[in-house]
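Chemist: Input file: coords_23.cif. Contents: mmCIF, C-alpha atoms.
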```
data_entry
loop_
_atom_site.label_atom_id
_atom_site.label_comp_id
_atom_site.auth_asym_id
_atom_site.auth_seq_id
_atom_site.Cartn_x
_atom_site.Cartn_y
_atom_site.Cartn_z
CA MET A 62 24.74 -38.12 12.94
CA ASN A 63 21.53 -39.91 12.13
CA GLY A 64 20.98 -39.31 8.45
CA VAL A 65 17.67 -40.62 7.14
CA HIS A 66 17.15 -41.06 3.41
CA PRO A 67 15.34 -43.18 2.38
CA PRO A 68 12.97 -43.58 5.36
CA LYS A 69 13.29 -46.28 7.96
CA ASN A 70 10.44 -48.53 8.98
CA SER A 71 9.02 -49.66 12.28
CA GLY A 72 5.82 -51.46 13.19
CA GLU A 73 3.54 -51.32 16.21
CA ALA A 74 0.08 -52.51 17.05
CA VAL A 75 -2.50 -49.75 16.95
CA GLY A 76 -6.21 -50.02 17.72
CA GLY A 77 -6.22 -53.85 17.83
CA GLY A 78 -4.65 -54.12 14.38
CA THR A 79 -1.15 -53.97 12.99
CA ALA A 80 -0.14 -50.53 11.71
CA GLU A 81 3.18 -48.87 11.03
CA VAL A 82 3.86 -46.09 13.51
CA ILE A 83 6.69 -43.80 12.43
CA ARG A 84 7.65 -40.14 12.50
CA THR A 85 6.70 -37.65 9.84
CA TYR A 86 10.22 -37.28 8.43
CA GLN A 87 10.43 -41.05 7.87
CA THR A 88 7.50 -41.03 5.48
CA TRP A 89 8.30 -37.68 3.85
CA LYS A 90 7.41 -37.67 0.15
CA GLY A 91 9.80 -34.92 -0.88
CA SER A 92 13.45 -35.38 -1.86
CA ASN A 93 14.83 -33.95 1.37
CA ILE A 94 17.41 -35.58 3.64
CA PHE A 95 16.95 -35.42 7.41
CA PHE A 96 19.49 -35.51 10.25
CA LEU A 97 19.25 -35.97 14.00
CA GLY A 98 15.84 -37.56 13.96
CA GLY A 99 14.19 -34.95 11.75
CA ARG A 100 15.56 -31.92 13.59
CA PHE A 101 17.44 -30.74 10.49
CA ILE A 102 16.13 -30.86 6.93
CA PHE A 103 18.43 -30.53 3.93
CA GLY A 104 17.97 -30.67 0.19
CA PRO A 105 18.93 -33.71 -1.86
CA ASP A 106 22.21 -32.08 -2.96
CA ILE A 107 23.57 -31.93 0.59
CA ARG A 108 27.12 -32.76 -0.53
CA SER A 109 27.44 -29.29 -2.03
CA ILE A 110 27.40 -27.89 1.52
CA PHE A 111 30.73 -29.58 2.27
CA LEU A 112 32.21 -28.04 -0.88
CA SER A 113 30.97 -24.61 0.19
CA ILE A 114 32.45 -25.05 3.68
CA PHE A 115 35.78 -26.08 2.16
CA LEU A 116 35.82 -23.03 -0.13
CA ILE A 117 35.30 -20.82 2.93
CA VAL A 118 37.50 -22.52 5.52
CA ALA A 119 40.52 -23.50 3.39
CA PRO A 120 41.46 -19.92 2.34
CA VAL A 121 40.98 -18.70 5.93
CA VAL A 122 43.32 -21.42 7.25
CA ALA A 123 45.92 -20.41 4.64
CA PHE A 124 45.46 -16.76 5.64
CA CYS A 125 45.97 -17.55 9.35
CA VAL A 126 49.08 -19.68 8.71
CA PHE A 127 50.88 -17.61 6.07
CA VAL A 128 49.62 -14.04 6.61
CA ALA A 129 47.94 -13.38 9.97
CA ARG A 130 50.63 -15.29 11.89
CA LYS A 131 53.32 -13.15 10.25
CA LEU A 132 51.40 -9.99 11.04
CA LEU A 133 51.89 -10.77 14.74
CA ASP A 134 55.49 -9.60 14.24
CA LYS A 135 54.63 -6.68 11.98
CA PHE A 136 52.04 -5.17 14.33
CA SER A 137 52.11 -4.64 18.04
CA HIS A 138 51.18 -7.80 19.89
CA ASP A 139 47.55 -6.85 20.65
CA ILE A 140 46.70 -5.71 17.11
CA GLY A 141 48.27 -8.81 15.56
CA ILE A 142 46.24 -11.11 17.81
CA LEU A 143 43.09 -9.12 17.02
CA VAL A 144 43.56 -9.66 13.28
CA MET A 145 43.74 -13.40 13.86
CA ILE A 146 40.76 -13.54 16.24
CA ILE A 147 38.49 -11.47 13.99
CA VAL A 148 39.03 -13.66 10.93
CA ILE A 149 38.45 -16.87 12.91
CA VAL A 150 35.28 -15.62 14.62
CA PHE A 151 33.95 -14.19 11.38
CA THR A 152 34.56 -17.47 9.56
CA ILE A 153 32.67 -19.40 12.24
CA TYR A 154 29.82 -16.90 11.88
CA VAL A 155 29.68 -17.35 8.08
CA VAL A 156 29.73 -21.16 8.30
CA THR A 157 27.00 -21.04 10.96
CA LEU A 158 24.80 -18.93 8.67
CA LEU A 159 25.42 -21.44 5.87
CA LEU A 160 24.29 -24.34 8.07
CA VAL A 161 21.26 -22.43 9.39
CA THR A 162 20.21 -21.61 5.83
CA SER A 163 20.69 -25.19 4.68
CA GLY A 164 19.30 -27.09 7.65
CA ARG A 165 15.95 -25.42 8.30
CA ASP A 166 12.53 -25.71 6.72
CA PRO A 167 12.50 -23.00 4.00
CA GLY A 168 8.70 -22.72 4.17
CA ILE A 169 7.45 -26.05 2.84
CA ILE A 170 3.68 -26.31 2.49
CA PRO A 171 2.47 -29.75 3.61
CA ARG A 172 1.00 -31.88 0.88
CA SER A 173 -2.70 -32.59 0.89
CA THR A 174 -3.73 -36.22 1.25
CA HIS A 175 -6.63 -35.76 -1.18
CA PRO A 176 -7.41 -33.36 -4.02
CA PRO A 177 -9.74 -30.49 -3.10
CA GLU A 178 -13.46 -30.90 -3.57
CA PRO A 179 -14.33 -30.43 -7.26
CA GLU A 180 -16.75 -27.72 -8.27
CA THR A 181 -17.76 -28.96 -11.71
CA ILE A 182 -19.01 -32.25 -13.12
CA ASP A 183 -19.37 -32.66 -16.88
CA GLN A 184 -22.95 -32.77 -18.07
CA ILE A 185 -23.95 -36.12 -19.58
CA GLU A 186 -26.97 -36.60 -21.84
CA VAL A 187 -29.90 -38.58 -20.46
CA GLY A 188 -29.56 -42.26 -21.27
CA SER A 189 -25.84 -41.95 -22.04
CA THR A 190 -23.53 -44.71 -20.80
CA GLN A 191 -20.64 -42.31 -20.28
CA THR A 192 -19.32 -41.76 -16.76
CA PRO A 193 -19.50 -38.12 -15.60
CA GLN A 194 -16.02 -36.62 -15.25
CA ILE A 195 -14.96 -34.46 -12.29
CA ARG A 196 -12.58 -31.64 -13.14
CA LEU A 197 -10.57 -29.21 -11.03
CA PRO A 198 -9.82 -25.67 -12.22
CA ARG A 199 -6.15 -25.04 -12.89
CA PHE A 200 -6.29 -21.49 -11.48
CA LYS A 201 -8.15 -19.54 -8.84
CA GLU A 202 -7.82 -15.82 -8.17
CA VAL A 203 -7.23 -13.72 -5.07
CA MET A 204 -6.80 -10.00 -4.58
CA VAL A 205 -3.50 -8.64 -3.28
CA ASN A 206 -3.30 -4.85 -2.78
CA GLY A 207 -5.97 -4.32 -5.43
CA PHE A 208 -4.34 -6.65 -7.98
CA SER A 209 -5.82 -9.87 -9.26
CA VAL A 210 -3.31 -12.66 -8.59
CA LYS A 211 -3.85 -16.16 -9.92
CA VAL A 212 -2.89 -19.07 -7.71
CA LYS A 213 -2.19 -22.36 -9.43
CA TYR A 214 -3.17 -25.90 -8.55
CA CYS A 215 -0.19 -28.18 -7.84
CA ASP A 216 -0.78 -31.71 -9.09
CA THR A 217 2.02 -33.13 -6.96
CA CYS A 218 0.98 -31.58 -3.64
CA MET A 219 -2.75 -31.64 -4.50
CA LEU A 220 -3.39 -28.08 -3.32
CA TYR A 221 -3.72 -24.54 -4.60
CA ARG A 222 -0.45 -22.74 -4.01
CA PRO A 223 -0.64 -19.52 -1.98
CA PRO A 224 0.55 -16.31 -3.68
CA ARG A 225 4.33 -16.21 -4.29
CA CYS A 226 4.56 -19.97 -3.75
CA SER A 227 6.18 -22.30 -6.28
CA HIS A 228 7.01 -25.99 -6.51
CA CYS A 229 10.74 -26.78 -6.46
CA SER A 230 11.50 -29.59 -8.90
CA ILE A 231 14.72 -30.48 -7.05
CA CYS A 232 13.33 -30.79 -3.52
CA ASP A 233 9.85 -31.76 -4.84
CA ASN A 234 8.04 -29.43 -2.43
CA CYS A 235 5.86 -26.34 -2.67
CA VAL A 236 7.73 -23.52 -0.89
CA GLU A 237 6.23 -20.27 0.37
CA ARG A 238 7.72 -17.11 -1.13
CA PHE A 239 9.99 -19.28 -3.23
CA ASP A 240 13.15 -17.42 -4.26
CA HIS A 241 15.32 -20.10 -5.86
CA HIS A 242 17.04 -23.40 -5.16
CA CYS A 243 20.64 -22.59 -4.28
CA PRO A 244 23.11 -25.36 -5.20
CA TRP A 245 25.80 -23.85 -2.92
CA VAL A 246 23.71 -24.28 0.21
CA GLY A 247 21.89 -27.37 -1.07
CA GLN A 248 18.46 -26.07 -0.11
CA CYS A 249 15.50 -24.09 -1.37
CA ILE A 250 15.50 -20.42 -0.40
CA GLY A 251 12.07 -19.33 0.74
CA LEU A 252 10.06 -17.51 3.37
CA ARG A 253 11.74 -19.06 6.44
CA ASN A 254 15.42 -18.96 5.43
CA TYR A 255 15.76 -16.05 3.00
CA ARG A 256 16.94 -13.72 5.78
CA PHE A 257 19.73 -16.11 6.75
CA PHE A 258 20.66 -16.67 3.10
CA PHE A 259 21.16 -12.94 2.55
CA MET A 260 23.16 -12.66 5.79
CA PHE A 261 25.33 -15.57 4.64
CA VAL A 262 26.03 -14.06 1.22
CA SER A 263 26.72 -10.56 2.54
CA SER A 264 28.93 -11.88 5.37
CA ALA A 265 30.91 -13.99 2.91
CA THR A 266 31.47 -10.82 0.89
CA LEU A 267 32.82 -9.00 3.94
CA LEU A 268 35.07 -11.97 4.78
CA CYS A 269 36.55 -11.88 1.27
CA ILE A 270 37.20 -8.15 1.57
CA TYR A 271 38.82 -8.64 4.98
CA VAL A 272 41.25 -11.31 3.76
CA PHE A 273 41.97 -9.37 0.57
CA ALA A 274 42.74 -6.17 2.48
CA PHE A 275 45.07 -7.71 5.07
CA CYS A 276 46.97 -9.64 2.43
CA TRP A 277 47.81 -6.28 0.87
CA VAL A 278 48.66 -4.90 4.31
CA TYR A 279 51.16 -7.72 4.75
CA VAL A 280 52.64 -7.10 1.30
CA ILE A 281 53.07 -3.38 2.05
CA LYS A 282 54.67 -4.20 5.42
CA ILE A 283 57.23 -6.39 3.60
CA LYS A 284 57.83 -3.65 1.01
CA ASN A 285 58.50 -1.02 3.68
CA SER A 286 60.64 -3.20 5.93
CA GLU A 287 62.86 -4.54 3.14
CA GLU A 288 62.75 -1.39 0.99
CA THR A 289 61.76 -3.23 -2.14
CA SER A 290 59.12 -2.85 -4.82
CA ILE A 291 55.57 -4.16 -4.66
CA TRP A 292 56.49 -6.93 -7.07
CA GLY A 293 59.48 -7.86 -4.98
CA ALA A 294 57.31 -7.99 -1.86
CA LEU A 295 54.71 -10.15 -3.61
CA ILE A 296 57.37 -12.64 -4.65
CA LYS A 297 58.37 -13.05 -0.99
CA THR A 298 54.80 -14.08 -0.02
CA PRO A 299 53.30 -16.36 -2.71
CA ALA A 300 50.44 -17.29 -0.33
CA SER A 301 49.33 -13.66 -0.38
CA ILE A 302 49.29 -13.69 -4.19
CA VAL A 303 47.03 -16.76 -4.26
CA LEU A 304 44.71 -15.34 -1.60
CA ILE A 305 44.50 -11.95 -3.31
CA ILE A 306 43.53 -13.56 -6.62
CA TYR A 307 41.09 -15.99 -4.97
CA THR A 308 39.27 -13.37 -2.88
CA PHE A 309 39.19 -10.94 -5.80
CA ILE A 310 37.38 -13.52 -7.93
CA CYS A 311 35.04 -14.59 -5.12
CA VAL A 312 34.04 -11.07 -4.20
CA TRP A 313 32.65 -10.57 -7.70
CA PHE A 314 30.35 -13.56 -7.21
CA VAL A 315 29.18 -13.12 -3.62
CA GLY A 316 29.42 -9.33 -3.81
CA GLY A 317 27.38 -9.24 -7.00
CA LEU A 318 24.86 -11.60 -5.44
CA THR A 319 24.63 -9.34 -2.37
CA ALA A 320 24.00 -6.28 -4.54
CA PHE A 321 21.38 -8.14 -6.58
CA HIS A 322 19.48 -9.26 -3.48
CA LEU A 323 19.64 -5.77 -2.01
CA TYR A 324 17.80 -4.66 -5.14
CA LEU A 325 15.30 -7.50 -4.79
CA ILE A 326 14.64 -6.68 -1.13
CA SER A 327 14.18 -2.98 -1.88
CA THR A 328 11.56 -3.80 -4.53
CA ASN A 329 10.02 -6.76 -2.64
CA GLN A 330 10.71 -9.31 -5.34
CA SER A 331 12.05 -12.83 -5.31
CA THR A 332 14.63 -14.12 -7.76
CA TYR A 333 11.92 -16.29 -9.31
CA GLU A 334 9.58 -13.34 -9.79
CA ASN A 335 12.32 -11.08 -11.12
CA PHE A 336 13.31 -13.46 -13.90
CA ARG A 337 9.78 -14.59 -14.70
CA TYR A 338 7.52 -11.60 -14.33
CA ARG A 339 9.80 -8.57 -14.76
CA TYR A 340 8.23 -6.24 -12.19
CA ASP A 341 10.56 -3.48 -13.38
CA GLN A 342 8.27 -3.24 -16.42
CA THR A 343 4.98 -3.30 -14.54
CA GLU A 344 3.62 -2.51 -11.12
CA ASN A 345 4.55 -4.94 -8.33
CA PRO A 346 1.55 -5.86 -6.15
CA TYR A 347 3.75 -6.84 -3.20
CA SER A 348 5.93 -3.74 -2.89
CA ARG A 349 5.15 -1.48 0.08
CA GLY A 350 7.96 1.03 -0.30
CA ILE A 351 11.69 0.58 0.31
CA ILE A 352 11.59 0.96 4.10
CA GLU A 353 8.65 -1.37 4.58
CA ASN A 354 10.18 -3.88 2.16
CA PHE A 355 13.40 -4.05 4.20
CA LYS A 356 11.43 -4.29 7.43
CA GLU A 357 9.48 -7.21 6.00
CA VAL A 358 12.69 -9.20 5.43
CA PHE A 359 14.78 -8.23 8.47
CA TRP A 360 12.34 -7.20 11.22
CA ARG A 361 9.26 -9.31 10.64
CA SER A 362 9.13 -12.41 12.82
CA ILE A 363 9.75 -15.63 10.93
CA PRO A 364 6.57 -17.74 10.95
CA PRO A 365 6.78 -21.20 12.52
CA SER A 366 7.14 -24.22 10.29
CA ARG A 367 3.95 -25.74 8.95
CA ASN A 368 5.52 -29.18 9.39
CA ASP A 369 6.27 -31.15 12.55
CA PHE A 370 8.84 -33.56 11.16
CA ARG A 371 9.15 -35.41 14.48
CA ALA A 372 5.42 -35.97 14.96
CA VAL A 373 4.37 -39.60 15.38
CA VAL A 374 2.12 -40.71 12.54
CA VAL A 375 0.71 -43.91 11.09
CA ARG A 376 2.01 -44.69 7.64
CA GLU A 377 -0.72 -44.14 5.09
CA SER A 378 -1.22 -46.10 1.92
CA GLU A 379 -0.63 -44.39 -1.40
CA THR A 380 -3.24 -41.76 -2.14
CA VAL A 381 -5.75 -42.93 -4.74
CA PRO A 382 -7.61 -40.27 -6.71
CA ARG A 383 -11.11 -39.97 -5.33
CA ALA A 384 -14.04 -40.93 -7.53
CA SER A 385 -17.35 -39.17 -6.92
CA GLY A 386 -20.26 -40.32 -9.01
CA GLY A 387 -17.90 -41.50 -11.70
CA GLY A 388 -14.32 -41.31 -12.87
CA PHE A 389 -11.87 -38.70 -11.61
CA VAL A 390 -9.93 -36.47 -13.95
CA SER A 391 -7.19 -34.43 -12.28
CA SER A 392 -6.23 -30.93 -13.28
CA ASN A 393 -3.07 -32.17 -14.96
CA VAL A 394 -3.98 -30.46 -18.17
CA GLU A 395 -1.67 -28.55 -20.45
CA LYS A 396 0.78 -26.45 -18.42
CA THR A 397 0.93 -22.69 -18.77
CA LEU A 398 4.00 -20.52 -18.95
CA SER A 399 3.49 -19.05 -15.49
CA ASP A 400 2.57 -20.40 -12.08
CA ILE A 401 1.02 -17.16 -10.93
CA GLU A 402 -0.35 -14.70 -13.45
CA MET A 403 -1.20 -11.10 -12.80
CA GLY A 404 -4.45 -9.62 -14.05
CA ASP A 405 -5.52 -6.03 -14.43
CA ARG A 406 -5.53 -3.73 -11.40
CA LYS A 407 -9.20 -3.46 -10.70
CA ALA A 408 -11.71 -2.90 -7.95
CA ILE A 409 -13.83 -5.79 -6.75
CA GLY A 410 -17.21 -5.45 -8.34
CA ASP A 411 -19.90 -7.16 -10.34
CA ASN A 412 -17.86 -6.96 -13.54
CA GLY A 413 -14.51 -7.96 -12.01
CA SER A 414 -14.54 -11.56 -13.14
CA GLY A 415 -15.72 -10.59 -16.59
CA ARG A 416 -12.78 -8.25 -17.08
CA ALA A 417 -10.43 -10.96 -15.86
CA ASP A 418 -11.76 -13.39 -18.46
CA GLN A 419 -11.54 -10.80 -21.22
CA SER A 420 -7.89 -10.04 -20.41
CA GLY A 421 -6.75 -13.53 -21.47
CA HIS A 422 -4.99 -13.73 -24.83
CA GLY A 423 -3.77 -16.41 -27.13
CA GLU A 424 -0.70 -18.49 -26.57
CA GLY A 425 2.54 -16.55 -26.31
CA HIS A 426 0.77 -13.17 -26.15
CA SER A 427 1.38 -10.79 -23.24
CA ASP A 428 -1.19 -8.68 -21.47
CA LEU A 429 0.12 -5.16 -21.96
CA ARG A 430 -1.81 -3.87 -18.97
CA GLY A 431 -0.80 -6.64 -16.59
CA GLY A 432 2.66 -7.13 -18.07
CA HIS A 433 2.54 -10.93 -17.75
CA PRO A 434 2.27 -13.73 -20.31
CA ARG A 435 -1.18 -15.26 -20.63
CA ARG A 436 -2.71 -18.14 -22.50
CA SER A 437 -6.23 -18.96 -23.46
CA SER A 438 -8.44 -20.83 -21.03
CA TRP A 439 -8.73 -23.78 -23.44
CA GLY A 440 -12.51 -23.55 -23.52
CA ARG A 441 -13.01 -23.68 -19.75
CA ARG A 442 -16.27 -22.25 -18.44
CA SER A 443 -16.38 -19.46 -15.90
CA GLY A 444 -17.48 -20.13 -12.35
CA SER A 445 -16.91 -19.05 -8.75
CA TRP A 446 -15.64 -20.81 -5.64
CA GLU A 447 -14.01 -20.34 -2.28
CA LEU A 448 -10.33 -20.94 -1.68
CA PRO A 449 -9.12 -23.00 1.28
CA SER A 450 -8.80 -20.86 4.39
CA ASP A 451 -5.01 -21.23 4.62
CA ILE A 452 -4.44 -19.84 1.12
CA ALA A 453 -6.93 -17.05 1.70
CA SER A 454 -5.17 -16.13 4.94
CA VAL A 455 -1.81 -15.94 3.16
CA ALA A 456 -3.29 -13.67 0.53
CA SER A 457 -4.81 -11.54 3.27
CA GLY A 458 -1.40 -11.15 4.88
CA LEU A 459 0.12 -10.01 1.59
CA GLY A 460 -2.45 -7.38 0.77
CA ASP A 461 -5.47 -5.46 1.89
CA SER A 462 -8.05 -7.94 0.64
CA ASN A 463 -8.43 -11.65 0.31
CA ARG A 464 -11.71 -11.76 -1.51
CA ILE A 465 -11.99 -14.40 -4.16
CA ILE A 466 -13.09 -13.33 -7.61
CA GLY A 467 -14.31 -15.32 -10.57
CA GLY A 468 -11.91 -17.25 -12.76
CA SER A 469 -11.59 -20.27 -14.95
CA SER A 470 -13.30 -23.49 -14.10
CA GLY A 471 -11.84 -26.88 -14.67
CA SER A 472 -14.18 -28.05 -17.42
CA LEU A 473 -12.47 -28.42 -20.76
CA GLY A 474 -14.38 -27.87 -23.98
CA GLY A 475 -13.84 -28.67 -27.60
CA SER A 476 -11.75 -31.49 -28.92
CA ARG A 477 -9.33 -31.57 -25.99
CA GLY A 478 -12.18 -32.25 -23.56
CA GLY A 479 -13.34 -35.08 -25.75
CA GLN A 480 -9.85 -36.56 -25.81
CA LEU A 481 -9.60 -36.57 -22.02
CA THR A 482 -13.05 -38.12 -21.69
CA SER A 483 -12.28 -40.87 -24.17
CA GLN A 484 -8.97 -41.62 -22.50
CA SER A 485 -10.66 -41.98 -19.10
CA ARG A 486 -13.20 -44.41 -20.53
CA GLN A 487 -10.40 -46.56 -21.89
#
```
Output the file's structure in the form of structure tokens.

Modeler:
Amino acid sequence: MNGVHPPKNSGEAVGGGTAEVIRTYQTWKGSNIFFLGGRFIFGPDIRSIFLSIFLIVAPVVAFCVFVARKLLDKFSHDIGILVMIIVIVFTIYVVTLLLVTSGRDPGIIPRSTHPPEPETIDQIEVGSTQTPQIRLPRFKEVMVNGFSVKVKYCDTCMLYRPPRCSHCSICDNCVERFDHHCPWVGQCIGLRNYRFFFMFVSSATLLCIYVFAFCWVYVIKIKNSEETSIWGALIKTPASIVLIIYTFICVWFVGGLTAFHLYLISTNQSTYENFRYRYDQTENPYSRGIIENFKEVFWRSIPPSRNDFRAVVVRESETVPRASGGGFVSSNVEKTLSDIEMGDRKAIGDNGSGRADQSGHGEGHSDLRGGHPRRSSWGRRSGSWELPSDIASVASGLGDSNRIIGGSSGSLGGSRGGQLTSQSRQ
């Protein structure tokens, strides 16, 4: 196969000059690995997939050789063959789900080539020699089902993340409806592959139960035919002992994971949200009821990828922060504890933004009404703006409104603002 990582280079003449014409996957800035000319995208830990395949296939091969083949004699011919065929077909199905989960775009949001247009420029006194500084707000707010949801600016991707989106530090991409990065499949689990991930985990659970059950069937057949005890029958088939122990241990992992994700689906949470925001202690803005939550995962059509990895592009030079009337200061200010913070449930009105500002607390303090950790705005002034249309459309799809309400601006006050200004002058 044609594995590409790092990218390859090729040059062609374009528009009378010399430019490098390549495909999108060859200039990809994330940590992903591509195969077959960009048709399959994997995470950087792709080798873990081979370990997962081995852990699935090896026990099934042992089962077919030492158990299922012997059951051909213990059962009538048709039933014995059926036992063998079912386990083989089911194993192929599980491995296929693993590869589909690992080799598809999980919902990566393309990086922006430039930071968004700034809203605020620091005020400089008349006659001052200082260069005005442009600042981007760290957060903007959207409404989802009547809840105020903060979307965070990503310094790496240079965009405001849509609701439920997070940046994976392993793959180095922003992923829609980010659930987690699974080391066993070597890929992020997000909007476009979560369904297949759950099918993989639940199918692996059923495969473990199948092998476990028929190993015991074989042991009981030996016990009855030779009129011995269970222990005596187990001694005669050591492969069954190993498989029984192995599948018993595995079913606790994949079975527990299946049960956990059934709970997450029923409450419309992701793993990331469950561990970070604890929606069992506060109201979840994304939940639509158990039936609708299951329909959203299993019956809703999977949106197409935002990325065309095989598109022909011209290699661009490294992005340089844009200066507008002076120096540029990015929004890479002090990080907060949460990527998306929930505000109070409130109607959209004249006082909406004021209540949102008043609900912020000091560092480490939680908003008892919203149920989520908040920090102070570090002296940033209030303002209003419009979100990019793609983020607003995502918010609209999640809830009944995508109106933008007031939030924090990107201007820093106090001593920290002075530090950033002095550093930029140096």

Chemist: List the residues selected by the PyMOL selection byres ((chain A and resi 315) around 12) in the file shown, writing them as a list in words.

Modeler: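 That expression, the PyMOL selection byres ((chain A and resi 315) around 12), corresponds here to Ile117, Trp245, Phe258, Phe259, Met260, Phe261, Val262, Ser263, Ser264, Ala265, Thr266, Leu267, Leu268, Cys269, Ile270, Thr308, Phe309, Ile310, Cys311, Val312, Trp313, Phe314, Gly316, Gly317, Leu318, Thr319, Ala320, Phe321 and His322 of chain A.
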
Chemist: Point out the residue among A:Ile283, A:Leu252, A:Val118, A:Leu323 with the least atom-to-atom distance to A:Val148, counting all atoms listed in the file.

Modeler: A:Val118

Chemist: Would you pick out the contacts of A:Arg222 at 6 Å or less, using all atoms listed in the file, so that residues sharing its chain but fewer than 4 positions from it are not included, and give the list as a PyMOL selection string?

Modeler: chain A and resi 212-213+226

Chemist: So, counting all atoms listed in the file, which residue among A:Arg349, A:Arg339, A:Arg361, A:Arg253 is closest to A:Asp240?

Modeler: A:Arg253

Chemist: Which residues would end up in the selection if the PyMOL selection byres ((chain A and resi 301) around 10) were applied here, given that I need the answer as a ChimeraX atom specification?

Modeler: /A:123-124,127-128,272-273,275-280,294-300,302-307

Chemist: Taking into account all atoms listed in the file, which residue in the set A:Ile140, A:Ala129, A:Ala119, A:Ile94 is nearest to A:Asp233?

Modeler: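 Looking at the shortest contact to A:Asp233, the residue is A:Ile94.
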
Chemist: Let me make sure I understand: among A:Ile363, A:Val121, A:Ile114, A:Met145, which one has the smallest atom-to-atom distance to A:Ser163 if we use all atoms listed in the file?

Modeler: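 Looking only at the distances to A:Ser163, the closest residue turns out to be A:Ile114.
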
Chemist: Could you please determine the separation between atom CA of A:Asn234 and atom CA of A:Asn254 in Å, to one decimal place?

Modeler: 15.0 Å

Chemist: One decimal, Å: what's the distance from atom CA of A:Thr88 over to atom CA of A:Phe111, could you say?

Modeler: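 Between atom CA of A:Thr88 and atom CA of A:Phe111 the gap works out to 26.1 Å.
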
Chemist: Between atom CA of A:His241 and atom CA of A:Asn335, what is the distance, to one decimal in Å?

Modeler: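 Pair atom CA of A:His241 / atom CA of A:Asn335 returns 10.9 Å.
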
Chemist: Using only C-alpha atoms, which of A:Tyr271, A:Cys229, A:Asn206, A:Ser286 sits nearest A:Pro346?

Modeler: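 Of A:Tyr271, A:Cys229, A:Asn206, A:Ser286, the one nearest A:Pro346 is A:Asn206, counting only C-alpha atoms.
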
Chemist: Using all atoms listed in the file, determine which residues lie at most 8 Å from A:Gly251, disregarding the query and same-chain residues fewer than 6 positions distant; provide the list as a ChimeraX atom specification.

Modeler: /A:167-168,236-241

Chemist: Can you give me N, CA, C and O atoms for stretch 315-325 of chain A, written as a PDB file, in the frame of the given file?

Modeler:
```pdb
ATOM      1  N   VAL A 315      30.003 -13.346  -4.810  1.00  0.00           N
ATOM      2  CA  VAL A 315      29.180 -13.120  -3.620  1.00  0.00           C
ATOM      3  C   VAL A 315      28.829 -11.639  -3.462  1.00  0.00           C
ATOM      4  O   VAL A 315      27.745 -11.298  -2.976  1.00  0.00           O
ATOM      5  N   GLY A 316      29.732 -10.753  -3.866  1.00  0.00           N
ATOM      6  CA  GLY A 316      29.420  -9.330  -3.810  1.00  0.00           C
ATOM      7  C   GLY A 316      28.331  -8.947  -4.802  1.00  0.00           C
ATOM      8  O   GLY A 316      27.419  -8.175  -4.485  1.00  0.00           O
ATOM      9  N   GLY A 317      28.426  -9.496  -6.014  1.00  0.00           N
ATOM     10  CA  GLY A 317      27.380  -9.240  -7.000  1.00  0.00           C
ATOM     11  C   GLY A 317      26.038  -9.801  -6.563  1.00  0.00           C
ATOM     12  O   GLY A 317      24.988  -9.187  -6.772  1.00  0.00           O
ATOM     13  N   LEU A 318      26.089 -10.992  -5.939  1.00  0.00           N
ATOM     14  CA  LEU A 318      24.860 -11.600  -5.440  1.00  0.00           C
ATOM     15  C   LEU A 318      24.256 -10.759  -4.311  1.00  0.00           C
ATOM     16  O   LEU A 318      23.034 -10.601  -4.224  1.00  0.00           O
ATOM     17  N   THR A 319      25.120 -10.207  -3.459  1.00  0.00           N
ATOM     18  CA  THR A 319      24.630  -9.340  -2.370  1.00  0.00           C
ATOM     19  C   THR A 319      23.954  -8.094  -2.938  1.00  0.00           C
ATOM     20  O   THR A 319      22.868  -7.702  -2.493  1.00  0.00           O
ATOM     21  N   ALA A 320      24.587  -7.476  -3.932  1.00  0.00           N
ATOM     22  CA  ALA A 320      24.000  -6.280  -4.540  1.00  0.00           C
ATOM     23  C   ALA A 320      22.671  -6.604  -5.225  1.00  0.00           C
ATOM     24  O   ALA A 320      21.701  -5.836  -5.121  1.00  0.00           O
ATOM     25  N   PHE A 321      22.602  -7.748  -5.897  1.00  0.00           N
ATOM     26  CA  PHE A 321      21.380  -8.140  -6.580  1.00  0.00           C
ATOM     27  C   PHE A 321      20.239  -8.354  -5.579  1.00  0.00           C
ATOM     28  O   PHE A 321      19.107  -7.909  -5.803  1.00  0.00           O
ATOM     29  N   HIS A 322      20.537  -9.010  -4.468  1.00  0.00           N
ATOM     30  CA  HIS A 322      19.480  -9.260  -3.480  1.00  0.00           C
ATOM     31  C   HIS A 322      19.116  -8.002  -2.704  1.00  0.00           C
ATOM     32  O   HIS A 322      17.980  -7.907  -2.215  1.00  0.00           O
ATOM     33  N   LEU A 323      20.016  -7.068  -2.576  1.00  0.00           N
ATOM     34  CA  LEU A 323      19.640  -5.770  -2.010  1.00  0.00           C
ATOM     35  C   LEU A 323      18.596  -5.090  -2.893  1.00  0.00           C
ATOM     36  O   LEU A 323      17.637  -4.493  -2.403  1.00  0.00           O
ATOM     37  N   TYR A 324      18.786  -5.207  -4.203  1.00  0.00           N
ATOM     38  CA  TYR A 324      17.800  -4.660  -5.140  1.00  0.00           C
ATOM     39  C   TYR A 324      16.469  -5.389  -5.012  1.00  0.00           C
ATOM     40  O   TYR A 324      15.402  -4.759  -4.986  1.00  0.00           O
ATOM     41  N   LEU A 325      16.531  -6.727  -4.914  1.00  0.00           N
ATOM     42  CA  LEU A 325      15.300  -7.500  -4.790  1.00  0.00           C
ATOM     43  C   LEU A 325      14.545  -7.152  -3.510  1.00  0.00           C
ATOM     44  O   LEU A 325      13.310  -7.016  -3.511  1.00  0.00           O
TER      45      LEU A 325
END
```
